[in-house]
Amino acid sequence: MKTIMKIVIILLVAADVAGAFSLTVNNSSTASSLKDGGQPPAMTSSTQSTTHIARPEGDDHESGSIAQGLAGVTSTLMKLTGISILVVLLQKGCSQLGKLKMKFAQQ
């Protein structure tokens with residue numbers, strides 16, 4: 001049970017770090033585009049009526065599919081599983097080394 005809690009804590013910390021990194025990158029890219037004289041995209045016309053953004057026409061644009069999204073999610077899940085297994089094995093190895101040192105210290 002302790003191991004599961006350690007894994008959950010590690011994953012929560014990793015999610016916090018990834019979220020902070022994402023916010024930092026998004027905020028810095030928005031700020032840099034405004035500093036360079038760029039304007040944020042306007043969603044209203046000069047008469048203040050809303051404008052609709054049309055989709056681009058043509059068959060040369062790739063459309064997203066559920067299979068591609070599922071493959072990405074599965075890939076990410078496999079990576080997280082591998083990292084979790086690696087962390088558990090490292091913790092187990094460190095625990096075994098600690099027990100071994102204690103055994104030699106007592107003799």
# chains A, B, ... in the order shown; residues from 1 in each chain; ligands from 1

$ residues_around --residues "A:Val88" --least-positions-apart "4" --cutoff "9 Å" --atoms "only C-alpha atoms" --output "compact mmCIF listing (two decimals) with N, CA and C atoms, in the first residue's frame"
# COMPACT_ATOMS: atom_id res chain seq x y z
N THR A 3 3.75 1.58 -1.40
CA THR A 3 4.31 1.75 -2.73
C THR A 3 3.32 2.43 -3.65
N LYS A 6 3.25 6.07 -2.89
CA LYS A 6 4.44 6.74 -3.42
C LYS A 6 4.30 6.98 -4.92
N ILE A 7 3.77 6.00 -5.64
CA ILE A 7 3.58 6.14 -7.09
C ILE A 7 2.58 7.26 -7.37
N ILE A 83 7.58 4.20 -16.84
CA ILE A 83 8.24 5.05 -15.86
C ILE A 83 7.87 4.62 -14.45
N SER A 84 6.59 4.31 -14.23
CA SER A 84 6.15 3.87 -12.90
C SER A 84 6.84 2.58 -12.49
N LYS A 92 12.71 -0.37 -4.88
CA LYS A 92 12.93 -1.72 -4.35
C LYS A 92 14.42 -2.01 -4.24
N GLY A 93 15.20 -1.62 -5.25
CA GLY A 93 16.64 -1.82 -5.22
C GLY A 93 17.30 -1.03 -4.11

$ closest_residue --among "A:Ala20, A:Leu97, A:Leu80, A:Ile85" --to "A:Ile4" --atoms "only C-alpha atoms"
A:Ile85
